[in-house]
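See structure below.
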Amino acid sequence: MKIYTRTGDAGKTGVIGGRVDKDDVRVEAYGTVDELNCFIGQAMGLLDAERDADLLADLLQIQHETFDCGSDLALLKQELRPYKVTAEMVDRLETWIDKYDAETPDIQRFILPGGSQASSALHVCRTVCRRAERRVVTLARTQPINEEVRRYLNRLSDLFFTIARVANHRAGNGDVEYIRSAEVFRRKS
């Protein structure tokens, strides 16, 4: 099988249920999710295999699920197949956020990306995830989507923030606080 097909040479690409322009808002949305998946893989390569085995396992599952997000976003009509991203997946992200947040010190100020390489890479994942979410919001204004994808991406960016802090904490680095920030966060209960 050849990797190139030449079917996109005229500026169109295939989605599930038809063909659209390569710069279609739908392609932009799932393309940004695909970009996120690449950055997740890069961040995984910077984590310690033993110390961060739990993070690596969770991130691998997230890679599969972001692929599911892209697949749902590439679907022109839900009637063609059931959606893959579910409310249960969003709920699990919330459970992971709570679990990992309990591992880190209380946050008091805004955090700057930095500290360890892994933490910095996870912050890149967070920002790309937020961009993907914005692209999905734009898409949803004019076309039907799986609403759970939008919810999933919203929670996922929160998880990336949390595990970026975990990566720093486990590496013995503190958060890089924004020095011009007042104490803006409440203590954990």
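So you can find residues: chains in the structure tokens are A, B, ... in the order shown, residues in each start at 1, and ligands are numbered from 1 in order.
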*Find the spatial neighbours of Arg135 of chain A, counting only C-alpha atoms, within a cut-off of 8 Å - ignore same-chain residues fewer than 5 positions away - and output them as a count of residues only.*
4
*If we count only C-alpha atoms, what is near segment 163-174 of chain A at a cut-off of 8 Å, once residues fewer than 3 positions away on the same chain are taken out, given as a PyMOL selection string?*
chain A and resi 47+51-52+55+97+100-101+103-104+115-116+118-123+159-160
Determine, using only C-alpha atoms, which residues of segment 122-177 of chain A have any atom at most 10 Å from an atom of segment 71-82 of chain A, and tabulate each with its shortest atom pair and distance in Å to one decimal place, rows ordered by chain and then rising number, as a Markdown table.
```
| residue | atom | partner | partner_atom | distance |
| --- | --- | --- | --- | --- |
| A:Val136 | CA | A:Leu73 | CA | 8.1 |
| A:Leu139 | CA | A:Leu73 | CA | 9.0 |
| A:Ala140 | CA | A:Leu73 | CA | 9.9 |
| A:Gln143 | CA | A:Leu76 | CA | 8.4 |
| A:Pro144 | CA | A:Lys77 | CA | 7.6 |
| A:Ile145 | CA | A:Leu73 | CA | 6.5 |
| A:Asn146 | CA | A:Asp72 | CA | 6.6 |
| A:Glu147 | CA | A:Asp72 | CA | 9.9 |
| A:Glu148 | CA | A:Asp72 | CA | 9.7 |
| A:Val149 | CA | A:Asp72 | CA | 7.7 |
| A:Arg150 | CA | A:Leu73 | CA | 10.0 |
```
*Per-residue DSSP, chain A, filtered to helix (DSSP H, G or I), as a ChimeraX atom specification*: /A:25-44,53-73,78-80,87-101,117-142,147-170
*Apply DSSP to the structure's backbone, then extract all residues of chain A labelled strand (DSSP E or B) and return them as a PyMOL selection string.*
chain A and resi 12-16+18-21+75+111-112+176-177
Same residues, N, CA, C and O atoms, output as a PDB file, in the first residue's frame:
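Written file, part.pdb:
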```
ATOM      1  N   LYS A  12      -9.113  19.029  -1.309  1.00  0.00           N
ATOM      2  CA  LYS A  12     -10.220  18.382  -0.600  1.00  0.00           C
ATOM      3  C   LYS A  12      -9.666  17.197   0.186  1.00  0.00           C
ATOM      4  O   LYS A  12      -8.631  16.640  -0.152  1.00  0.00           O
ATOM      5  N   THR A  13     -10.386  16.817   1.238  1.00  0.00           N
ATOM      6  CA  THR A  13      -9.998  15.647   2.021  1.00  0.00           C
ATOM      7  C   THR A  13     -11.234  14.857   2.396  1.00  0.00           C
ATOM      8  O   THR A  13     -12.350  15.406   2.446  1.00  0.00           O
ATOM      9  N   GLY A  14     -11.040  13.590   2.654  1.00  0.00           N
ATOM     10  CA  GLY A  14     -12.148  12.733   3.036  1.00  0.00           C
ATOM     11  C   GLY A  14     -12.434  12.807   4.524  1.00  0.00           C
ATOM     12  O   GLY A  14     -11.521  12.837   5.344  1.00  0.00           O
ATOM     13  N   VAL A  15     -13.699  12.874   4.862  1.00  0.00           N
ATOM     14  CA  VAL A  15     -14.168  12.747   6.235  1.00  0.00           C
ATOM     15  C   VAL A  15     -15.182  11.606   6.228  1.00  0.00           C
ATOM     16  O   VAL A  15     -15.532  11.089   5.163  1.00  0.00           O
ATOM     17  N   ILE A  16     -15.654  11.214   7.380  1.00  0.00           N
ATOM     18  CA  ILE A  16     -16.607  10.118   7.439  1.00  0.00           C
ATOM     19  C   ILE A  16     -17.959  10.624   6.947  1.00  0.00           C
ATOM     20  O   ILE A  16     -18.628  11.403   7.617  1.00  0.00           O
ATOM     21  N   GLY A  18     -18.210  11.909   3.521  1.00  0.00           N
ATOM     22  CA  GLY A  18     -18.070  12.808   2.380  1.00  0.00           C
ATOM     23  C   GLY A  18     -16.679  13.391   2.247  1.00  0.00           C
ATOM     24  O   GLY A  18     -15.716  12.909   2.837  1.00  0.00           O
ATOM     25  N   ARG A  19     -16.592  14.449   1.466  1.00  0.00           N
ATOM     26  CA  ARG A  19     -15.340  15.162   1.246  1.00  0.00           C
ATOM     27  C   ARG A  19     -15.589  16.632   1.526  1.00  0.00           C
ATOM     28  O   ARG A  19     -16.670  17.161   1.261  1.00  0.00           O
ATOM     29  N   VAL A  20     -14.574  17.286   2.092  1.00  0.00           N
ATOM     30  CA  VAL A  20     -14.669  18.708   2.422  1.00  0.00           C
ATOM     31  C   VAL A  20     -13.355  19.377   2.056  1.00  0.00           C
ATOM     32  O   VAL A  20     -12.345  18.705   1.812  1.00  0.00           O
ATOM     33  N   ASP A  21     -13.353  20.708   2.037  1.00  0.00           N
ATOM     34  CA  ASP A  21     -12.114  21.447   1.820  1.00  0.00           C
ATOM     35  C   ASP A  21     -11.141  21.167   2.960  1.00  0.00           C
ATOM     36  O   ASP A  21     -11.548  20.990   4.114  1.00  0.00           O
ATOM     37  N   LEU A  75     -16.828  12.950  11.660  1.00  0.00           N
ATOM     38  CA  LEU A  75     -18.106  12.339  11.292  1.00  0.00           C
ATOM     39  C   LEU A  75     -19.112  13.417  10.895  1.00  0.00           C
ATOM     40  O   LEU A  75     -19.479  14.263  11.712  1.00  0.00           O
ATOM     41  N   ILE A 111       0.436  29.975  37.644  1.00  0.00           N
ATOM     42  CA  ILE A 111       1.619  29.168  37.364  1.00  0.00           C
ATOM     43  C   ILE A 111       2.096  29.452  35.945  1.00  0.00           C
ATOM     44  O   ILE A 111       1.300  29.506  35.002  1.00  0.00           O
ATOM     45  N   LEU A 112       3.404  29.606  35.800  1.00  0.00           N
ATOM     46  CA  LEU A 112       4.015  29.734  34.477  1.00  0.00           C
ATOM     47  C   LEU A 112       4.498  28.358  34.025  1.00  0.00           C
ATOM     48  O   LEU A 112       4.953  27.559  34.846  1.00  0.00           O
ATOM     49  N   VAL A 176       6.516  27.086  38.967  1.00  0.00           N
ATOM     50  CA  VAL A 176       7.073  28.380  38.596  1.00  0.00           C
ATOM     51  C   VAL A 176       5.913  29.367  38.707  1.00  0.00           C
ATOM     52  O   VAL A 176       5.028  29.409  37.868  1.00  0.00           O
ATOM     53  N   GLU A 177       5.917  30.135  39.795  1.00  0.00           N
ATOM     54  CA  GLU A 177       4.809  31.050  40.047  1.00  0.00           C
ATOM     55  C   GLU A 177       5.000  32.363  39.302  1.00  0.00           C
ATOM     56  O   GLU A 177       6.121  32.860  39.166  1.00  0.00           O
TER      57      GLU A 177
END
```
*Mind pulling up the distance from atom CA of Arg6 of chain A to atom CA of Gly70 of chain A?*
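Taking atom CA of Gly70 of chain A as the start and atom CA of Arg6 of chain A as the end point, the length is 22.1 Å.
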